[in-house]
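S.K.: My file is work-v3.cif. It has mmCIF, C-alpha atoms:
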```cif
data_target
#
loop_
_atom_site.label_atom_id
_atom_site.label_comp_id
_atom_site.auth_asym_id
_atom_site.auth_seq_id
_atom_site.Cartn_x
_atom_site.Cartn_y
_atom_site.Cartn_z
CA MET A 1 -4.11 -30.31 7.22
CA ALA A 2 -1.37 -29.16 4.88
CA SER A 3 2.19 -30.25 5.59
CA SER A 4 4.54 -27.62 6.96
CA SER A 5 6.52 -27.23 3.75
CA ASP A 6 3.27 -26.61 1.88
CA GLN A 7 2.38 -23.91 4.34
CA THR A 8 5.72 -22.20 3.98
CA ARG A 9 5.32 -22.26 0.25
CA GLU A 10 1.87 -20.76 0.67
CA TRP A 11 3.30 -17.77 2.61
CA HIS A 12 5.94 -17.28 -0.04
CA VAL A 13 3.41 -17.33 -2.85
CA MET A 14 1.24 -14.96 -0.91
CA SER A 15 3.94 -12.38 -0.32
CA TYR A 16 4.89 -12.69 -3.96
CA ASN A 17 1.30 -12.04 -5.02
CA MET A 18 1.09 -8.98 -2.84
CA GLU A 19 4.16 -7.54 -4.44
CA THR A 20 2.92 -8.11 -7.96
CA ARG A 21 -0.50 -6.75 -7.13
CA GLY A 22 1.19 -3.58 -5.95
CA LEU A 23 -0.15 -3.78 -2.41
CA ARG A 24 3.22 -2.47 -1.32
CA SER A 25 5.49 -0.27 -3.31
CA HIS A 26 8.42 -2.04 -1.71
CA THR A 27 9.66 -3.67 -4.90
CA LYS A 28 9.62 -0.36 -6.64
CA ARG A 29 11.53 1.20 -3.80
CA ARG A 30 14.01 -1.63 -3.81
CA GLN A 31 14.62 -1.14 -7.50
CA LEU A 32 15.05 2.56 -6.96
CA LEU A 33 17.56 1.86 -4.22
CA ASP A 34 19.40 -0.54 -6.50
CA THR A 35 19.67 1.94 -9.33
CA ARG A 36 20.78 4.58 -6.90
CA SER A 37 23.52 2.41 -5.46
CA ASP A 38 24.50 1.35 -8.97
CA ALA A 39 24.97 4.95 -9.91
CA LYS A 40 26.89 5.49 -6.72
CA THR A 41 29.25 2.58 -7.34
CA ARG A 42 29.84 3.84 -10.82
CA SER A 43 30.69 7.34 -9.72
CA LYS A 44 32.78 5.93 -6.89
CA SER A 45 34.81 3.57 -9.03
CA GLN A 46 36.98 6.52 -9.90
CA VAL A 47 37.70 7.19 -6.25
CA THR A 48 38.36 3.73 -4.82
CA SER A 49 39.22 4.66 -1.24
CA GLU A 50 35.90 6.46 -0.85
CA SER A 51 33.98 3.53 -2.31
CA ASN A 52 35.43 1.17 0.31
CA GLU A 53 34.37 3.48 3.08
CA CYS A 54 30.91 3.60 1.56
CA GLU A 55 30.59 -0.21 1.53
CA VAL A 56 31.40 -0.39 5.23
CA ASN A 57 28.93 2.33 6.16
CA ARG A 58 26.10 1.23 3.97
CA LYS A 59 23.85 -0.13 6.71
CA ASP A 60 24.15 2.85 9.02
CA SER A 61 24.00 5.41 6.25
CA PHE A 62 20.79 7.35 5.69
CA ASP A 63 21.48 6.94 1.97
CA ARG A 64 20.13 3.38 2.21
CA PHE A 65 16.55 4.71 2.31
CA GLY A 66 14.68 5.19 -0.94
CA ASP A 67 12.93 8.43 -1.84
CA ASP A 68 9.47 7.55 -0.50
CA LEU A 69 10.66 6.57 2.95
CA CYS A 70 13.22 9.36 3.15
CA GLN A 71 10.54 11.90 2.30
CA HIS A 72 8.25 10.49 4.97
CA LEU A 73 11.00 10.44 7.60
CA LEU A 74 11.79 14.10 6.96
CA SER A 75 8.15 15.17 7.00
CA TYR A 76 8.36 15.86 10.75
CA LEU A 77 11.00 18.58 10.42
CA ALA A 78 10.30 22.14 11.46
CA LEU A 79 10.43 24.70 8.67
CA GLU A 80 13.61 26.29 9.96
CA ASP A 81 15.39 22.91 9.95
CA ARG A 82 14.22 22.30 6.40
CA PHE A 83 16.05 25.36 5.14
CA ARG A 84 19.21 24.18 6.89
CA ALA A 85 18.79 20.63 5.57
CA GLU A 86 18.29 21.62 1.96
CA CYS A 87 22.01 21.41 1.18
CA VAL A 88 22.60 17.99 2.77
CA SER A 89 22.34 16.12 -0.55
CA ARG A 90 20.51 16.24 -3.85
CA GLN A 91 18.05 13.64 -2.63
CA TRP A 92 17.15 15.81 0.34
CA GLN A 93 16.97 18.96 -1.75
CA ARG A 94 14.42 17.35 -4.07
CA PHE A 95 11.75 16.97 -1.44
CA VAL A 96 12.71 18.53 1.83
CA PHE A 97 9.99 21.15 1.31
CA THR A 98 7.28 19.06 -0.34
CA THR A 99 6.01 17.60 2.92
CA HIS A 100 5.54 20.92 4.68
CA LYS A 101 1.75 21.13 4.63
CA ASP A 102 0.86 23.36 7.52
CA MET A 103 2.41 26.76 7.81
CA ILE A 104 2.03 29.13 10.73
CA PHE A 105 3.87 32.38 10.23
CA ASP A 106 5.02 34.31 13.22
CA THR A 107 5.83 37.97 13.43
CA SER A 108 9.58 37.62 13.92
CA LEU A 109 10.30 37.17 10.21
CA ARG A 110 11.25 39.91 7.83
CA ARG A 111 9.01 40.76 4.93
CA ARG A 112 11.12 39.21 2.16
CA SER A 113 11.45 35.94 4.07
CA TYR A 114 7.78 35.27 3.51
CA GLU A 115 8.11 35.33 -0.24
CA VAL A 116 11.08 32.96 -0.21
CA ILE A 117 9.32 30.61 2.18
CA LEU A 118 6.13 30.62 0.12
CA ASN A 119 8.16 29.99 -2.99
CA ALA A 120 9.94 27.02 -1.37
CA CYS A 121 6.87 25.39 0.16
CA GLN A 122 4.58 25.06 -2.81
CA HIS A 123 2.79 22.02 -1.42
CA VAL A 124 1.45 23.78 1.64
CA THR A 125 -2.26 23.18 2.26
CA ARG A 126 -2.91 25.56 5.13
CA ILE A 127 -1.49 28.95 6.01
CA GLU A 128 -2.02 30.94 9.15
CA PHE A 129 -0.99 34.59 9.28
CA PRO A 130 -0.58 36.33 12.62
CA ASP A 131 -3.34 38.66 13.75
CA GLN A 132 -2.86 42.34 12.96
CA TRP A 133 0.27 41.59 11.06
CA PRO A 134 1.50 44.77 9.39
CA TYR A 135 2.99 43.14 6.30
CA ILE A 136 -0.13 41.59 4.91
CA ASN A 137 -0.75 43.24 1.59
CA HIS A 138 -1.49 42.38 -2.00
CA LEU A 139 2.14 41.39 -2.64
CA ILE A 140 2.02 38.63 -0.05
CA LEU A 141 -1.37 37.46 -1.25
CA ASP A 142 -0.08 37.53 -4.81
CA SER A 143 2.77 35.23 -3.94
CA VAL A 144 0.30 32.94 -2.18
CA ILE A 145 -1.73 32.87 -5.40
CA VAL A 146 1.31 32.20 -7.56
CA ASN A 147 2.98 29.60 -5.37
CA CYS A 148 0.45 27.68 -3.32
CA ASN A 149 -1.73 25.67 -5.66
CA HIS A 150 -2.57 23.08 -3.02
CA LEU A 151 -3.94 25.52 -0.48
CA ASN A 152 -7.30 24.72 1.08
CA ALA A 153 -7.31 26.92 4.18
CA LEU A 154 -6.01 30.38 4.94
CA HIS A 155 -6.40 32.10 8.28
CA MET A 156 -5.84 35.79 8.52
CA ARG A 157 -7.26 38.88 10.09
CA SER A 158 -6.07 42.13 8.75
CA HIS A 159 -6.66 45.74 9.59
CA THR A 160 -4.87 47.04 6.58
CA ASP A 161 -7.03 47.74 3.58
CA ILE A 162 -6.78 45.10 0.93
CA SER A 163 -8.25 46.12 -2.36
CA VAL A 164 -11.39 44.41 -3.54
CA GLN A 165 -9.62 43.45 -6.72
CA THR A 166 -6.91 41.53 -4.85
CA MET A 167 -9.48 39.61 -2.86
CA ASP A 168 -11.39 38.81 -6.04
CA THR A 169 -8.33 37.37 -7.78
CA PHE A 170 -7.53 35.50 -4.63
CA LEU A 171 -10.92 33.91 -4.26
CA ALA A 172 -11.03 33.07 -7.94
CA MET B 1 -13.43 -23.47 22.40
CA ASN B 2 -12.60 -22.82 18.77
CA GLY B 3 -15.75 -20.84 18.19
CA GLU B 4 -14.84 -18.43 20.96
CA TYR B 5 -11.90 -17.07 19.00
CA SER B 6 -13.48 -16.98 15.57
CA LEU B 7 -14.12 -13.61 13.98
CA ASP B 8 -17.77 -12.77 14.48
CA THR B 9 -18.56 -9.91 12.13
CA THR B 10 -22.26 -10.66 11.72
CA GLU B 11 -23.10 -9.18 15.12
CA GLY B 12 -21.47 -5.84 14.36
CA MET B 13 -23.15 -5.58 10.99
CA ALA B 14 -26.57 -6.26 12.43
CA ALA B 15 -26.06 -3.53 15.03
CA SER B 16 -25.23 -0.89 12.44
CA GLY B 17 -28.32 -1.79 10.41
CA ASP B 18 -30.68 -1.30 13.35
CA PRO B 19 -33.15 1.61 13.41
CA PRO B 20 -31.57 4.71 15.01
CA THR B 21 -32.84 4.13 18.54
CA ASN B 22 -30.36 4.10 21.41
CA ASN B 23 -27.62 4.76 18.92
CA ALA B 24 -25.13 5.96 21.48
CA VAL B 25 -25.61 2.85 23.59
CA ASP B 26 -25.26 0.61 20.53
CA ASP B 27 -22.08 2.40 19.49
CA TYR B 28 -20.68 2.06 22.94
CA ASP B 29 -21.54 -1.64 23.07
CA ALA B 30 -20.09 -2.25 19.63
CA GLU B 31 -16.89 -0.48 20.62
CA GLU B 32 -16.58 -2.49 23.79
CA ALA B 33 -17.27 -5.73 21.94
CA LEU B 34 -14.58 -4.87 19.43
CA GLU B 35 -12.13 -4.11 22.21
CA ARG B 36 -12.88 -7.43 23.88
CA GLN B 37 -12.44 -9.22 20.58
CA ARG B 38 -9.08 -7.55 20.02
CA GLU B 39 -8.04 -8.52 23.52
CA GLU B 40 -9.05 -12.14 22.99
CA GLU B 41 -7.33 -12.28 19.63
CA ASN B 42 -4.13 -10.94 21.10
CA LYS B 43 -3.98 -14.02 23.34
CA ILE B 44 -3.47 -16.08 20.20
CA LYS B 45 0.23 -16.14 19.46
CA ILE B 46 1.58 -16.28 15.93
CA LYS B 47 5.16 -16.71 14.81
CA LEU B 48 7.17 -14.33 12.65
CA LYS B 49 10.43 -15.33 11.01
CA SER B 50 13.21 -12.84 10.36
CA PHE B 51 15.33 -12.66 7.23
CA GLU B 52 18.13 -14.30 9.20
CA GLY B 53 15.84 -17.16 10.23
CA GLY B 54 15.09 -16.24 13.86
CA VAL B 55 11.50 -16.98 14.93
CA TYR B 56 9.65 -14.60 17.28
CA GLU B 57 6.24 -15.01 18.86
CA CYS B 58 3.74 -12.21 18.86
CA GLY B 59 0.08 -11.61 19.78
CA LEU B 60 -2.29 -11.71 16.82
CA THR B 61 -3.75 -8.22 17.30
CA ALA B 62 -0.23 -6.87 17.80
CA ALA B 63 1.05 -8.61 14.66
CA LYS B 64 -1.83 -7.13 12.67
CA MET B 65 -0.42 -3.66 13.31
CA SER B 66 1.73 -4.62 10.36
CA VAL B 67 -0.57 -4.04 7.40
CA MET B 68 1.52 -6.50 5.46
CA VAL B 69 1.02 -9.29 8.01
CA ALA B 70 -2.67 -8.39 8.32
CA ASN B 71 -3.09 -8.69 4.53
CA MET B 72 -1.35 -12.04 4.50
CA LEU B 73 -3.60 -13.31 7.29
CA ASP B 74 -6.70 -11.97 5.54
CA ALA B 75 -5.69 -13.72 2.34
CA LEU B 76 -5.77 -17.05 4.20
CA GLN B 77 -9.52 -16.59 4.74
CA GLU B 78 -9.18 -18.66 7.88
CA THR B 79 -12.27 -18.29 10.06
CA ASP B 80 -10.85 -20.30 12.92
CA LEU B 81 -8.06 -18.08 14.17
CA THR B 82 -6.63 -20.66 16.59
CA LYS B 83 -5.44 -22.61 13.56
CA ILE B 84 -3.25 -19.66 12.58
CA ALA B 85 -1.25 -20.18 15.76
CA THR B 86 -0.25 -23.69 14.70
CA ARG B 87 0.92 -22.66 11.27
CA GLU B 88 4.49 -22.29 10.10
CA PRO B 89 6.11 -18.93 11.00
CA ILE B 90 5.42 -16.07 8.58
CA PRO B 91 8.65 -15.34 6.70
CA LEU B 92 9.58 -11.66 6.40
CA GLN B 93 11.72 -11.47 3.32
CA ASN B 94 13.58 -8.24 3.42
CA ASP B 95 17.19 -7.92 4.50
CA ALA B 96 16.29 -5.13 6.93
CA VAL B 97 14.29 -7.62 9.04
CA THR B 98 17.27 -8.92 11.01
CA ASN B 99 16.89 -10.88 14.24
CA LYS B 100 17.63 -7.79 16.32
CA ALA B 101 15.22 -5.62 14.33
CA LEU B 102 12.39 -8.15 14.49
CA GLU B 103 12.90 -8.64 18.23
CA LYS B 104 12.55 -4.88 18.75
CA ILE B 105 9.57 -4.66 16.41
CA VAL B 106 7.76 -7.43 18.31
CA GLU B 107 8.54 -5.59 21.55
CA TRP B 108 7.02 -2.41 20.09
CA VAL B 109 3.81 -3.94 18.73
CA ASP B 110 3.33 -5.92 21.95
CA HIS B 111 3.43 -2.66 23.86
CA HIS B 112 1.21 -0.76 21.41
CA TRP B 113 -1.33 -3.36 20.27
CA ASP B 114 -4.26 -1.58 21.93
CA ASP B 115 -3.47 1.85 20.44
CA PRO B 116 -6.31 3.37 18.41
CA PRO B 117 -5.64 2.76 14.70
CA ILE B 118 -3.99 5.56 12.72
CA ASP B 119 -6.41 7.17 10.30
CA PRO B 120 -4.87 9.78 8.01
CA ASP B 121 -8.27 11.30 7.22
CA PHE B 122 -9.10 11.84 10.84
CA ASP B 123 -9.15 15.41 12.14
CA ASP B 124 -6.75 14.61 14.98
CA GLU B 125 -4.10 13.53 12.51
CA LYS B 126 -2.44 16.94 12.56
CA GLU B 127 -2.43 16.99 16.34
CA ARG B 128 -0.92 13.54 16.50
CA ARG B 129 1.77 14.47 14.03
CA ASN B 130 2.82 17.33 16.26
CA GLU B 131 2.70 15.31 19.45
CA GLU B 132 5.94 14.47 21.18
CA LEU B 133 6.92 10.84 21.58
CA SER B 134 5.93 9.14 24.80
CA HIS B 135 8.60 8.39 27.36
CA TRP B 136 8.39 4.68 26.55
CA ASP B 137 8.80 5.27 22.82
CA LYS B 138 11.73 7.61 23.40
CA GLN B 139 13.55 4.98 25.42
CA PHE B 140 12.59 2.31 22.93
CA ILE B 141 13.94 4.12 19.88
CA ASP B 142 17.05 5.60 21.49
CA ILE B 143 19.42 3.04 19.97
CA ALA B 144 23.13 3.71 19.93
CA ASP B 145 23.89 1.55 16.89
CA GLN B 146 22.64 3.56 13.91
CA GLY B 147 22.70 0.52 11.60
CA GLU B 148 20.29 -1.24 13.95
CA LEU B 149 18.06 1.83 14.21
CA PHE B 150 17.89 2.12 10.42
CA ASP B 151 17.18 -1.62 10.16
CA ILE B 152 14.18 -1.20 12.46
CA ILE B 153 12.85 1.78 10.49
CA ALA B 154 13.35 0.05 7.13
CA ALA B 155 11.83 -3.19 8.47
CA ALA B 156 8.84 -1.34 9.95
CA ASN B 157 8.37 0.38 6.61
CA PHE B 158 8.58 -2.96 4.79
CA MET B 159 6.06 -4.50 7.19
CA ASP B 160 3.94 -1.35 6.91
CA ILE B 161 3.69 -0.52 10.63
CA LYS B 162 2.79 3.16 10.36
CA GLY B 163 3.04 3.95 14.05
CA LEU B 164 6.55 2.60 14.40
CA VAL B 165 7.80 4.33 11.24
CA GLU B 166 6.43 7.52 12.73
CA VAL B 167 8.35 6.94 15.97
CA GLY B 168 11.54 6.48 13.96
CA ALA B 169 10.85 9.54 11.84
CA LYS B 170 10.20 11.77 14.86
CA HIS B 171 13.33 10.46 16.53
CA ILE B 172 15.49 11.26 13.50
CA CYS B 173 13.90 14.68 13.04
CA ASN B 174 14.55 15.43 16.71
CA LYS B 175 18.20 14.62 16.17
CA ILE B 176 18.39 16.82 13.06
CA LYS B 177 16.82 19.77 14.88
CA GLY B 178 19.16 22.76 15.07
CA LYS B 179 22.04 21.05 13.29
CA SER B 180 23.88 22.44 10.30
CA CYS B 181 23.85 20.44 7.08
CA THR B 182 27.46 19.37 7.64
CA GLU B 183 26.56 18.03 11.09
CA VAL B 184 23.50 16.26 9.70
CA ARG B 185 25.59 14.70 6.93
CA GLU B 186 28.16 13.47 9.44
CA MET B 187 25.58 12.10 11.86
CA LEU B 188 23.49 10.25 9.25
CA LYS B 189 26.50 9.36 7.08
CA ILE B 190 25.05 10.94 3.98
CA HIS B 191 27.20 11.30 0.90
CA ASN B 192 27.47 14.90 -0.22
CA ASP B 193 26.81 14.97 -3.96
CA PHE B 194 26.84 18.75 -4.35
CA THR B 195 29.79 20.61 -5.75
CA PRO B 196 31.22 23.17 -3.28
CA GLU B 197 29.87 25.97 -5.49
CA GLU B 198 26.34 24.57 -5.48
CA GLU B 199 26.42 24.12 -1.73
CA ALA B 200 27.65 27.66 -1.19
CA ALA B 201 24.84 28.98 -3.40
CA ILE B 202 22.13 27.21 -1.36
CA HIS B 203 23.76 28.43 1.84
CA LYS B 204 23.77 31.98 0.63
CA GLU B 205 20.14 31.75 -0.41
CA ASN B 206 18.90 30.30 2.87
CA GLU B 207 21.03 31.64 5.68
CA TRP B 208 19.46 35.08 5.91
CA ILE B 209 15.86 33.84 6.13
CA TYR B 210 15.96 33.22 9.85
CA ALA B 211 18.76 35.67 10.60
CA LYS B 212 17.74 38.22 13.17
CA ASP B 213 18.02 41.90 12.30
#
```
Any chance you could give the structure as structure tokens?

M.R.:
Amino acid sequence: MASSSDQTREWHVMSYNMETRGLRSHTKRRQLLDTRSDAKTRSKSQVTSESNECEVNRKDSFDRFGDDLCQHLLSYLALEDRFRAECVSRQWQRFVFTTHKDMIFDTSLRRRSYEVILNACQHVTRIEFPDQWPYINHLILDSVIVNCNHLNALHMRSHTDISVQTMDTFLA
Amino acid sequence: MNGEYSLDTTEGMAASGDPPTNNAVDDYDAEEALERQREEENKIKIKLKSFEGGVYECGLTAAKMSVMVANMLDALQETDLTKIATREPIPLQNDAVTNKALEKIVEWVDHHWDDPPIDPDFDDEKERRNEELSHWDKQFIDIADQGELFDIIAAANFMDIKGLVEVGAKHICNKIKGKSCTEVREMLKIHNDFTPEEEAAIHKENEWIYAKD
């Protein structure tokens, strides 16, 4: 039976090993956080009053989260909220759209909105177009081809004629 | 007594290697056996130690919802699980794991220990993502002190408890819903690092997308 101090050391060694073996990316995240806050302190040193305020609020500020966690936390946002949230901060802007994987279009949007949305959400893996949607044409499909390289499912039913050529490019 | 708690994997392996007769019955039995084993294991209490030094007791199955704790326990290669209960508390060395945060985390895993495990490759994943939080989870995560809430989320992320991180994420996204970026910034105390011109440009680009005719 190992003595209690041995056991404690064993836990410590173990958690250290896990970090070095990369079982968690926590260390990486921590470093990221550190560099981020370094940069922040540097930029803040010019404006001292603001920097004090920042110190006090550090724990209850969303800025404490590193990129990975922040991205995950925001992955549950609805598309409409993502467009509003894009201008919250540069960190948010970088990935507020990358986690939108599943897109269901409804008929209330205007035609040009679709192109902007498709352009923003390039990581989407599945798109669903409404049935008998009048806008579906080669332009929309073209922007799907151009923008959505991660797509693996597309649901649509169209009564408009789509040229054979468009479908060929699309399926290729 | 000791043998009762020990991990018996040989039985499960033998069952899966059997010829495919009565498969459904075997599967059902295996599932039930696993459930019983999880239940028994959860009666073993292990100790977790916060960054601030507070020690909290937690069922073994519940504690293993933390992938980090589960990995540490696996690395021990201890076949007699009752011995784990007598060990020194497991130190959780991240400043987000405060006493308050760990107390809440233990409360959460103790309530959720018999949840089905989260499998990202599973077909129901999408459905689960879109599911609303349960009443219990909503009450659990509705914490007035934002510093404490963020501690819990950061600690759950450090301990790799996917279900709890998801609860936190859904809670925050619910709060963001319908708010303008200024309101979001104020609520989550985010530093605005855009110039006014850049912000105006993004606004201009985005505001018409959902505008009604």

S.K.: Can you measure atom CA of Glu57 of chain B to atom CA of Thr86 of chain B for me? One decimal in Å is fine.

M.R.: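 We find that atom CA of Glu57 of chain B and atom CA of Thr86 of chain B lie 11.6 Å from each other.
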
S.K.: For the PyMOL selection byres ((chain B and resi 165) around 12), applied here, can you spell out every residue it catches as a PyMOL selection string?

M.R.: (chain A and resi 69-70+72-76) or (chain B and resi 65-66+105+108-109+118+137+141+149-164+166-172)

S.K.: Measure the distance from atom CA of Lys49 of chain B to atom CA of Ile90 of chain B in Å and round it to one decimal.

M.R.: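 Computing the Euclidean distance for atom CA of Lys49 of chain B and atom CA of Ile90 of chain B yields 5.6 Å.
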
S.K.: Which residue, B:Met187, B:Ile44, B:Val25, B:Leu102, has the smallest gap to chain A when you use all atoms listed in the file?

M.R.: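 Selected residue with least distance to chain A: B:Met187.
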
S.K.: With a cut-off of 12 Å, could you pull out the residues of segment 73-180 of chain B touching segment 26-40 of chain B and give me the nearest pair of atoms for each, distance in Å to one decimal, using only C-alpha atoms, ordered by chain and ascending number, as a Markdown table?

M.R.:
```
| residue | atom | partner | partner_atom | distance |
| --- | --- | --- | --- | --- |
| B:Leu81 | CA | B:Glu40 | CA | 10.7 |
| B:Thr82 | CA | B:Glu40 | CA | 10.9 |
| B:Asp110 | CA | B:Glu39 | CA | 11.8 |
| B:Trp113 | CA | B:Arg38 | CA | 8.8 |
| B:Asp114 | CA | B:Arg38 | CA | 7.9 |
| B:Asp115 | CA | B:Glu35 | CA | 10.7 |
| B:Pro116 | CA | B:Glu35 | CA | 10.2 |
```

S.K.: As an exercise, work out the distance from atom CA of Met156 of chain A to atom CA of Asp142 of chain A in Å and give it to one decimal place.

M.R.: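 Going from atom CA of Met156 of chain A over to atom CA of Asp142 of chain A covers 14.6 Å.
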
S.K.: B:Thr61, B:Asn42, B:Thr98, B:Gln139: which is nearest chain A, counting all atoms listed in the file?

M.R.: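 With all atoms listed in the file as the atom set, the closest residue is B:Thr98.
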
S.K.: Take the PyMOL selection byres ((chain A and resi 59) around 12), run it mentally on this structure, and tell me the resulting residues as a PDB file with C-alpha atoms, keeping the file's coordinate frame.

M.R.:
```pdb
ATOM      1  CA  GLU A  53      34.370   3.480   3.080  1.00  0.00           C
ATOM      2  CA  CYS A  54      30.910   3.600   1.560  1.00  0.00           C
ATOM      3  CA  GLU A  55      30.590  -0.210   1.530  1.00  0.00           C
ATOM      4  CA  VAL A  56      31.400  -0.390   5.230  1.00  0.00           C
ATOM      5  CA  ASN A  57      28.930   2.330   6.160  1.00  0.00           C
ATOM      6  CA  ARG A  58      26.100   1.230   3.970  1.00  0.00           C
ATOM      7  CA  ASP A  60      24.150   2.850   9.020  1.00  0.00           C
ATOM      8  CA  SER A  61      24.000   5.410   6.250  1.00  0.00           C
ATOM      9  CA  PHE A  62      20.790   7.350   5.690  1.00  0.00           C
ATOM     10  CA  ASP A  63      21.480   6.940   1.970  1.00  0.00           C
ATOM     11  CA  ARG A  64      20.130   3.380   2.210  1.00  0.00           C
ATOM     12  CA  PHE A  65      16.550   4.710   2.310  1.00  0.00           C
TER      13      PHE A  65
ATOM     14  CA  ASP B  95      17.190  -7.920   4.500  1.00  0.00           C
ATOM     15  CA  ALA B  96      16.290  -5.130   6.930  1.00  0.00           C
ATOM     16  CA  THR B  98      17.270  -8.920  11.010  1.00  0.00           C
ATOM     17  CA  ASP B 145      23.890   1.550  16.890  1.00  0.00           C
ATOM     18  CA  GLN B 146      22.640   3.560  13.910  1.00  0.00           C
ATOM     19  CA  GLY B 147      22.700   0.520  11.600  1.00  0.00           C
ATOM     20  CA  GLU B 148      20.290  -1.240  13.950  1.00  0.00           C
ATOM     21  CA  LEU B 149      18.060   1.830  14.210  1.00  0.00           C
ATOM     22  CA  PHE B 150      17.890   2.120  10.420  1.00  0.00           C
ATOM     23  CA  ASP B 151      17.180  -1.620  10.160  1.00  0.00           C
ATOM     24  CA  ILE B 152      14.180  -1.200  12.460  1.00  0.00           C
ATOM     25  CA  ILE B 153      12.850   1.780  10.490  1.00  0.00           C
ATOM     26  CA  ALA B 154      13.350   0.050   7.130  1.00  0.00           C
ATOM     27  CA  LEU B 188      23.490  10.250   9.250  1.00  0.00           C
ATOM     28  CA  LYS B 189      26.500   9.360   7.080  1.00  0.00           C
ATOM     29  CA  ILE B 190      25.050  10.940   3.980  1.00  0.00           C
TER      30      ILE B 190
END
```

S.K.: With distances taken over all atoms listed in the file, which of B:Asn206, B:Thr195, B:Gln77, B:Asn23 is nearest to chain A?

M.R.: B:Asn206
